[in-house]
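In what follows, a structure is listed as structure tokens, so that the remarks can point back to it.
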Amino acid sequence: MKSILIVEDSTTTRSLIRAVIEELGDFNIVEAPTGFDALKLLPAQDFDLVVTDINMPDINGLELINFVKSNPRYSSIPLIIVTTERSEEDKKRGMALGATAYVTKPFKALELQDTVKRVMNL
Amino acid sequence: MSSAKQEFIAEASELLEEAGRLILEIQDTCQTGPNPDSINALFRSIHTLKGLSGLFGHQGVSDLSHALESLLDELRLGKIEISDEVVRFLFNNIDILRALVEELSQDNKDKEKEQDVSGQLKNIELFRNSLAGKTKGDELKGVIDESMLRILTEYEEHRLKTNVHEGKGVYLAKAVFSLADFDKALEELTKTIKSKGELISTLPTSSNVPPDSIGFNLMFGSLEPAEKLKEAIRFEIDALVSPKGAEAAPPLQRETTLKSTTTTVRVDIEKLDRILNTIGELTLAKGAVKRISEELIESYGHSPLAADVNKISQTLERKLAELQNQVLEIRMVPIGQIFSRLSQVIRKYSREIGKRIELVMYGEDTEIDKYIAEEVIDPLMHLVRNAIDHGIEPEEERKKKGKKESGTITLKASQRGNHVIIEVKDDGGGVNIQRVREKAVEKGLLEKGAELDEKEIVNFIFMPGFSTKEIVTEVSGRGVGMDVVKEKLAAIGGFAEIDTKKGLGSVFTLTIPITLAIIKALIVRVGAMKFAIPLTSISETLVITRGDIQSVEGRDVYNLRGEMLAMTNIGRIFALTAEDAERFFVVVAGTGKRRHGLMVDELFGQHEIVIKSLGEYFAGIRGFAGAAEIGKHEVILVIDVDSLIDDAVVKQKATPVIKSGAF
């Protein structure tokens, strides 16, 4: 089964993203409410996708993307940024750092599902 | 309400509460230069709210938080200077957002109606334009390595520029921690850095780091030279930019807010309910231990074993009571939370119907169980809307009567023993007693010539099916009456009284238990059955003989120290005893003018009980609050004193509400 890590500090948004992805099929979905949690979860298992917000406390999404992309063990994991259009500039920076795709909040379920399918070659 | 919506409202309210707290913090530090962390945190909370409300399709909240977010973004990026005016403006908008969220939480039938915030959006736009934009644009390229800059968010880049602009040095602290518990160590380091300057970015890294470890590069700005920082921080520090000016000014002390956010947890009230249930079951077990201890003493006297069990039983009792109190305390919230929600409704509603209302509140600090608070808000809202609709007269009429043009509604809470008393008072026209009387006769609840005082008549407005528009009980368009108020209160063991004066207004007094859960009850016997009567509704017990009972206008009364006490024979109501006994016990229940004597055959003493619902099947039966287990697997019914008193009054006026043999 493929594993997906969702990094998002809002509980509600996090479970919403989870629900939307779960509709696509059976995944082992792991939730990280903070960037720190993500840092701890990454080495614990192999992920096939990371979905992350940008604006978060402790470390932000860009810092997480940079961490993932600069470590040979994780660098091949595709990353989807889910953030608001307010963070336009930050989104660009995230893509420049190696994120695979982005979805703008508020997103349509279908839009996120299409992106996940495309990124994971489902 | 759907659970998704509930979740949304819970999180949105929390975000707005946090936003309010942050604005206060910003206001307090406005003169000395606000903490950029506070402004960023405020931005983040509104940003999150926007994302959240957008996902849930709450357009009004989403649009407004979006506009506010843009303003805050410019603020945190230094494009707008913070000022008292800005703080005030932010405050206002948070209030509006709060009102919008509250509106959503009220689960209106007309929720399809979109919340219109276009006016406020324009206000924010105008406000933003009125503030002159300026950007501090120091170029960073060439000063700081490109590979470092690309990882910074726009905000972090702005903070970096500001630090350089202010002549601070920019440093990179490099730390390596074990992966298992890096957050604690990192928090420690962050705290030290924040005491020396401003933390700009926390960069995790895995290059040149041993396995099972993680590295962090922390970029921060400080006025202090590198050597001094190394001493304090005790990690490898690279200077990216040196501070300007040899004499370092003392860094601004900034409190971190980390603590306040980590000392509270949000717990679903259901989890606390479960703990209370477990405590309730433990209480039963404790009762068993106590009984065994008593039996031991009875059979073997004060032997060492009996003394031991007795001691344990007492410790158990004490600790259980402690535990129970602690859990109950967790559930307590100030009633001000409820009042402030009501005040929003009052403001909005009075505007809608064009009556000016002044709201006065007392005793907001009075604490009440969260569950009860939530249960009581609907009845309160009902009373308040009712007062605005029908209590307070139109302005013209008030002027004619020589009253102040705007009406006044007073909400007052106070604690009395195990109860919270909430008063809803208006200075309107009062209830039209004559009309209530006519209506009661019309409905067959009252005989035409029956002699009742005003107080008794006005209480008819709480009877089911009594809501009519003419008699102040209908809330416009809602089609529910005062009986619903009464029912809702009864469900939590409370009751309502009304006091009305023609031309001067009405006072509704709600008496509500502070907390649910375990209560003390008096166990009584009627015929062959045992019942529990909650101790909170009992004022005294008496022993009397049949001869002491007098009959006044078909009602059984007893002369209790000069006061006529209406009596109800429980045996007769529940059809348990055919004849009145010669000598019996009277449980005096109810408070104030609703005092009532309940005739029973025997008193067994106090017992702690946990009231359990009778379930849906028996939901329609009045007179019982539920059932309780009193040890040795014996289950008895708990009498709902308030509904019994009601029914007794009506029964003697007209048809019995509890029919014989119903139980």
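Here's how to read the names in the structure tokens: chain A, B, ... by the order shown, residue numbers from 1 in each chain, ligand numbers from 1 in the order shown.
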Sorted by chain and rising residue number, which residues of chain A lie within 7 Å of chain B, and what are their closest atom pairs and distances in Å to one decimal, counting only C-alpha atoms, as a Markdown table?
| residue | atom | partner | partner_atom | distance |
| --- | --- | --- | --- | --- |
| A:Thr12 | CA | B:Phe8 | CA | 6.7 |
| A:Thr13 | CA | B:Leu52 | CA | 6.4 |
| A:Phe36 | CA | B:Asp183 | CA | 7.0 |
| A:Lys40 | CA | B:Leu179 | CA | 6.5 |
| A:Ile59 | CA | B:Thr202 | CA | 5.9 |
| A:Leu62 | CA | B:Ile151 | CA | 5.9 |
| A:Glu63 | CA | B:Leu203 | CA | 5.6 |
| A:Asn66 | CA | B:Ile151 | CA | 6.8 |
| A:Phe67 | CA | B:Thr205 | CA | 5.6 |
| A:Asn71 | CA | B:Ser206 | CA | 6.1 |
| A:Thr84 | CA | B:Gly51 | CA | 6.6 |
| A:Glu89 | CA | B:Glu154 | CA | 6.8 |
| A:Asp90 | CA | B:Thr153 | CA | 5.5 |
| A:Arg93 | CA | B:Arg150 | CA | 6.5 |
| A:Lys105 | CA | B:Gly51 | CA | 5.8 |
| A:Pro106 | CA | B:Leu55 | CA | 4.8 |
| A:Phe107 | CA | B:Leu55 | CA | 6.7 |
Dump N, CA and C atoms for the selected residues as a JSON list (two decimals), in the first residue's frame?
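File part18.json, as written:
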[["chain", "number", "residue", "atom", "x", "y", "z"],
["A", 12, "THR", "N", -8.90, 20.70, 10.95],
["A", 12, "THR", "CA", -10.03, 20.51, 10.05],
["A", 12, "THR", "C", -9.56, 20.34, 8.61],
["A", 13, "THR", "N", -8.66, 21.22, 8.18],
["A", 13, "THR", "CA", -8.17, 21.13, 6.81],
["A", 13, "THR", "C", -7.44, 19.81, 6.60],
["A", 36, "PHE", "N", 7.65, 19.90, 12.63],
["A", 36, "PHE", "CA", 8.50, 19.07, 13.48],
["A", 36, "PHE", "C", 8.05, 17.61, 13.43],
["A", 40, "LYS", "N", 10.03, 14.09, 12.14],
["A", 40, "LYS", "CA", 10.17, 12.84, 12.89],
["A", 40, "LYS", "C", 9.58, 11.66, 12.12],
["A", 59, "ILE", "N", 8.56, 24.93, 11.77],
["A", 59, "ILE", "CA", 9.18, 25.15, 10.46],
["A", 59, "ILE", "C", 8.09, 25.25, 9.41],
["A", 62, "LEU", "N", 8.32, 25.64, 3.07],
["A", 62, "LEU", "CA", 9.52, 25.77, 2.23],
["A", 62, "LEU", "C", 10.70, 25.08, 2.88],
["A", 63, "GLU", "N", 10.80, 25.27, 4.17],
["A", 63, "GLU", "CA", 11.92, 24.65, 4.90],
["A", 63, "GLU", "C", 11.81, 23.13, 4.85],
["A", 66, "ASN", "N", 12.72, 21.98, 1.26],
["A", 66, "ASN", "CA", 14.17, 22.02, 1.10],
["A", 66, "ASN", "C", 14.82, 20.83, 1.79],
["A", 67, "PHE", "N", 14.29, 20.50, 2.97],
["A", 67, "PHE", "CA", 14.83, 19.36, 3.73],
["A", 67, "PHE", "C", 14.65, 18.06, 2.96],
["A", 71, "ASN", "N", 17.89, 15.83, 0.84],
["A", 71, "ASN", "CA", 18.34, 14.56, 1.41],
["A", 71, "ASN", "C", 18.13, 13.44, 0.39],
["A", 84, "THR", "N", -2.89, 28.82, 0.26],
["A", 84, "THR", "CA", -3.79, 29.83, -0.30],
["A", 84, "THR", "C", -3.08, 30.69, -1.33],
["A", 89, "GLU", "N", 3.85, 34.07, -3.98],
["A", 89, "GLU", "CA", 5.31, 34.16, -4.08],
["A", 89, "GLU", "C", 5.96, 32.93, -3.43],
["A", 90, "ASP", "N", 5.42, 32.55, -2.27],
["A", 90, "ASP", "CA", 5.98, 31.40, -1.55],
["A", 90, "ASP", "C", 5.78, 30.11, -2.33],
["A", 93, "ARG", "N", 8.38, 29.87, -4.85],
["A", 93, "ARG", "CA", 9.64, 29.46, -4.24],
["A", 93, "ARG", "C", 9.64, 27.96, -3.94],
["A", 105, "LYS", "N", -5.81, 26.70, -1.95],
["A", 105, "LYS", "CA", -6.95, 26.67, -1.04],
["A", 105, "LYS", "C", -7.83, 27.90, -1.28],
["A", 106, "PRO", "N", -9.12, 27.87, -1.23],
["A", 106, "PRO", "CA", -9.92, 26.65, -1.06],
["A", 106, "PRO", "C", -9.91, 25.82, -2.34],
["A", 107, "PHE", "N", -9.70, 24.52, -2.20],
["A", 107, "PHE", "CA", -9.59, 23.70, -3.40],
["A", 107, "PHE", "C", -10.86, 22.87, -3.58]]
| said: Report, in Å to a single decimal, how far apart atom CA of Pro334 of chain B and atom CA of Val638 of chain B are. | reply: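 Atom CA of Pro334 of chain B lies 29.4 Å from atom CA of Val638 of chain B.
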| Spatial neighbours of Asp114 of chain A, max dist 12 Å, only C-alpha atoms, sep filter under 3 positions, as number ranges by chain | A: 20-21, 23-24, 80, 101-103, 107-111, 117-122
| request: Determine, counting only C-alpha atoms, which protein, DNA and RNA residues have an atom within 9 Å of an atom of Arg18 of chain A; residues of the same chain fewer than 3 positions away are not included. Present the result as a list in words. | output: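 Within the cut-off, the hits are Ile6, Thr13, Arg14, Ser15, Ile21, Glu22, Glu23, Ile29, Val30 and Glu31 of chain A.
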Would you export the selected residues with N, CA and C atoms as an mmCIF file, in the first residue's frame, please?
data_model
loop_
_atom_site.group_PDB
_atom_site.id
_atom_site.type_symbol
_atom_site.label_atom_id
_atom_site.label_comp_id
_atom_site.auth_asym_id
_atom_site.auth_seq_id
_atom_site.Cartn_x
_atom_site.Cartn_y
_atom_site.Cartn_z
ATOM 1 N N ILE A 6 0.614 13.862 5.242
ATOM 2 C CA ILE A 6 -0.066 15.164 5.126
ATOM 3 C C ILE A 6 0.439 16.076 6.235
ATOM 4 N N THR A 13 -8.662 21.220 8.182
ATOM 5 C CA THR A 13 -8.171 21.133 6.811
ATOM 6 C C THR A 13 -7.440 19.812 6.596
ATOM 7 N N ARG A 14 -6.675 19.420 7.615
ATOM 8 C CA ARG A 14 -5.910 18.181 7.516
ATOM 9 C C ARG A 14 -6.851 16.992 7.291
ATOM 10 N N SER A 15 -7.913 16.928 8.105
ATOM 11 C CA SER A 15 -8.795 15.771 7.940
ATOM 12 C C SER A 15 -9.578 15.855 6.637
ATOM 13 N N ILE A 21 -8.401 12.506 -0.259
ATOM 14 C CA ILE A 21 -7.446 11.550 -0.834
ATOM 15 C C ILE A 21 -7.940 10.117 -0.647
ATOM 16 N N GLU A 22 -8.565 9.863 0.489
ATOM 17 C CA GLU A 22 -9.041 8.510 0.770
ATOM 18 C C GLU A 22 -10.060 8.039 -0.268
ATOM 19 N N GLU A 23 -10.749 9.002 -0.861
ATOM 20 C CA GLU A 23 -11.728 8.640 -1.884
ATOM 21 C C GLU A 23 -11.070 7.986 -3.103
ATOM 22 N N ILE A 29 -2.346 6.650 5.200
ATOM 23 C CA ILE A 29 -2.207 8.098 5.322
ATOM 24 C C ILE A 29 -1.731 8.466 6.726
ATOM 25 N N VAL A 30 -0.677 9.262 6.782
ATOM 26 C CA VAL A 30 -0.119 9.675 8.067
ATOM 27 C C VAL A 30 -0.253 11.190 8.166
ATOM 28 N N GLU A 31 -0.759 11.672 9.305
ATOM 29 C CA GLU A 31 -0.962 13.110 9.458
ATOM 30 C C GLU A 31 0.100 13.718 10.366
#
| For Leu199 of chain B: contacts at 10 Å, only C-alpha atoms, fewer than 4 positions along chain excluded, given as a ChimeraX atom specification | /B:37,156,159-160,170-172,190-195,218-222
Kindly save the residues from that selection, with C-alpha atoms included, as an mmCIF file, in the first residue's frame.
data_model
loop_
_atom_site.group_PDB
_atom_site.id
_atom_site.type_symbol
_atom_site.label_atom_id
_atom_site.label_comp_id
_atom_site.auth_asym_id
_atom_site.auth_seq_id
_atom_site.Cartn_x
_atom_site.Cartn_y
_atom_site.Cartn_z
ATOM 1 C CA ASP B 37 6.102 37.409 16.000
ATOM 2 C CA GLU B 156 11.079 35.645 6.433
ATOM 3 C CA ARG B 159 12.215 40.126 8.462
ATOM 4 C CA LEU B 160 15.765 39.513 7.268
ATOM 5 C CA VAL B 170 22.648 38.235 10.882
ATOM 6 C CA TYR B 171 23.934 34.903 12.142
ATOM 7 C CA LEU B 172 23.508 31.233 11.467
ATOM 8 C CA THR B 190 15.116 29.007 20.160
ATOM 9 C CA LYS B 191 14.324 30.576 23.498
ATOM 10 C CA THR B 192 17.954 31.576 24.032
ATOM 11 C CA ILE B 193 18.162 33.021 20.540
ATOM 12 C CA LYS B 194 14.971 34.987 21.014
ATOM 13 C CA SER B 195 16.384 36.523 24.177
ATOM 14 C CA LEU B 218 18.818 28.834 12.652
ATOM 15 C CA MET B 219 19.061 32.225 11.026
ATOM 16 C CA PHE B 220 18.670 35.105 13.430
ATOM 17 C CA GLY B 221 19.317 38.791 13.740
ATOM 18 C CA SER B 222 20.964 40.368 16.762
#
| request: Name the closest residue to Pro43 of chain A among the candidates A:Pro72, A:Pro57, A:Gly25, A:Pro78; distances are taken between atoms, counting only C-alpha atoms. | output: A:Pro72
| field | Residue nearest Val7 of chain A - candidates A:Tyr74, A:Ala19, A:Leu79, A:Leu97, atoms counted: only C-alpha atoms | value | A:Leu79
| field | Between atom CA of Lys92 of chain A and atom CA of Glu81 of chain B - distance in Å to one decimal | value |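 Distance reported for this atom pair: 27.1 Å.
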| request: Find the distance between atom CA of Lys319 of chain B and atom CA of Lys286 of chain B and write it in Å to one decimal. | output: 10.6 Å
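Shortest separation to Glu374 of chain B among B:Gln120, B:Gln106, B:Thr541, B:Thr577 occurs at residue B:Gln106, atoms counted being only C-alpha atoms.
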| query | Could you pull out all residues of segment 302-447 of chain B with a DSSP call of alpha helix (DSSP H) and give them as a PyMOL selection string? | reply | chain B and resi 304-330+336-353+370-386+395-400+433-442
| Just asking: which residues within segment 379-567 of chain B are strand (DSSP E) according to DSSP, as a ChimeraX atom specification? | /B:407-416,419-426,495-501,505-513,518-526,529-534,538-545,549-552,555-560,563-567
Restricting it to C-alpha atoms, dump the selection as a JSON list (two decimals), in the first residue's frame.
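Okay, out27.json is ready:
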[["chain", "number", "residue", "atom", "x", "y", "z"],
["B", 407, "GLY", "CA", -35.54, 49.55, 26.05],
["B", 408, "THR", "CA", -33.28, 47.88, 28.55],
["B", 409, "ILE", "CA", -32.64, 44.17, 28.84],
["B", 410, "THR", "CA", -30.72, 43.02, 31.86],
["B", 411, "LEU", "CA", -28.92, 39.68, 32.03],
["B", 412, "LYS", "CA", -27.80, 38.78, 35.49],
["B", 413, "ALA", "CA", -26.14, 35.63, 36.78],
["B", 414, "SER", "CA", -25.33, 34.65, 40.32],
["B", 415, "GLN", "CA", -24.55, 31.52, 42.23],
["B", 416, "ARG", "CA", -26.78, 30.25, 44.99],
["B", 419, "HIS", "CA", -27.52, 26.50, 41.47],
["B", 420, "VAL", "CA", -26.90, 29.33, 39.09],
["B", 421, "ILE", "CA", -29.67, 31.88, 38.93],
["B", 422, "ILE", "CA", -29.99, 33.68, 35.62],
["B", 423, "GLU", "CA", -32.35, 36.60, 35.32],
["B", 424, "VAL", "CA", -33.60, 38.00, 32.04],
["B", 425, "LYS", "CA", -35.27, 41.28, 32.78],
["B", 426, "ASP", "CA", -36.92, 43.77, 30.46],
["B", 495, "PHE", "CA", -36.83, 25.56, 36.10],
["B", 496, "ALA", "CA", -38.12, 28.99, 35.17],
["B", 497, "GLU", "CA", -40.22, 31.49, 37.08],
["B", 498, "ILE", "CA", -41.74, 34.67, 35.83],
["B", 499, "ASP", "CA", -42.51, 37.84, 37.66],
["B", 500, "THR", "CA", -44.35, 40.47, 35.72],
["B", 501, "LYS", "CA", -45.62, 43.93, 36.51],
["B", 505, "GLY", "CA", -41.80, 44.78, 32.52],
["B", 506, "SER", "CA", -41.07, 41.15, 33.30],
["B", 507, "VAL", "CA", -38.31, 39.18, 34.95],
["B", 508, "PHE", "CA", -37.71, 35.58, 33.98],
["B", 509, "THR", "CA", -35.67, 33.81, 36.62],
["B", 510, "LEU", "CA", -33.99, 30.60, 35.57],
["B", 511, "THR", "CA", -32.68, 28.32, 38.27],
["B", 512, "ILE", "CA", -30.16, 25.86, 36.87],
["B", 513, "PRO", "CA", -27.92, 23.34, 38.58],
["B", 518, "ILE", "CA", -23.68, 12.78, 40.51],
["B", 519, "ILE", "CA", -26.26, 14.22, 42.86],
["B", 520, "LYS", "CA", -27.48, 13.49, 46.33],
["B", 521, "ALA", "CA", -31.01, 12.25, 46.64],
["B", 522, "LEU", "CA", -33.46, 11.29, 49.32],
["B", 523, "ILE", "CA", -34.76, 7.76, 48.96],
["B", 524, "VAL", "CA", -38.44, 7.43, 49.85],
["B", 525, "ARG", "CA", -41.02, 4.67, 49.79],
["B", 526, "VAL", "CA", -44.55, 5.01, 48.44],
["B", 529, "MET", "CA", -42.04, 1.25, 45.51],
["B", 530, "LYS", "CA", -38.94, 3.26, 46.22],
["B", 531, "PHE", "CA", -38.23, 6.61, 44.58],
["B", 532, "ALA", "CA", -35.36, 9.08, 44.67],
["B", 533, "ILE", "CA", -35.98, 12.79, 45.11],
["B", 534, "PRO", "CA", -32.99, 15.06, 44.33],
["B", 538, "ILE", "CA", -35.93, 19.53, 48.99],
["B", 539, "SER", "CA", -36.12, 22.15, 51.70],
["B", 540, "GLU", "CA", -37.33, 20.03, 54.66],
["B", 541, "THR", "CA", -39.22, 16.91, 55.68],
["B", 542, "LEU", "CA", -42.10, 16.57, 58.16],
["B", 543, "VAL", "CA", -44.21, 13.90, 59.78],
["B", 544, "ILE", "CA", -47.96, 14.65, 59.88],
["B", 545, "THR", "CA", -51.23, 12.82, 60.36],
["B", 549, "ILE", "CA", -54.49, 18.05, 56.06],
["B", 550, "GLN", "CA", -57.10, 20.63, 55.21],
["B", 551, "SER", "CA", -59.05, 21.04, 52.05],
["B", 552, "VAL", "CA", -59.21, 24.49, 50.49],
["B", 555, "ARG", "CA", -56.92, 21.34, 47.07],
["B", 556, "ASP", "CA", -55.14, 19.49, 49.85],
["B", 557, "VAL", "CA", -53.13, 21.96, 51.89],
["B", 558, "TYR", "CA", -51.14, 21.87, 55.08],
["B", 559, "ASN", "CA", -50.58, 24.80, 57.38],
["B", 560, "LEU", "CA", -46.80, 24.99, 57.55],
["B", 563, "GLU", "CA", -48.12, 29.30, 55.22],
["B", 564, "MET", "CA", -50.50, 27.23, 53.13],
["B", 565, "LEU", "CA", -48.50, 24.43, 51.58],
["B", 566, "ALA", "CA", -50.16, 22.67, 48.64],
["B", 567, "MET", "CA", -49.90, 18.89, 49.01]]
| query | Of the residues B:Lys486, B:Lys400, B:His302, B:His165, which is the one nearest to Pro379 of chain B, using only C-alpha atoms? | reply |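 Going through B:Lys486, B:Lys400, B:His302, B:His165 one by one, the smallest distance to Pro379 of chain B is for B:Lys486.
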| Of the residues B:Ala387, B:Ala232, B:Leu305, B:Ile297, which is the one nearest to Gly429 of chain B, using only C-alpha atoms? |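 Selected residue with least distance to Gly429 of chain B: B:Ala387.
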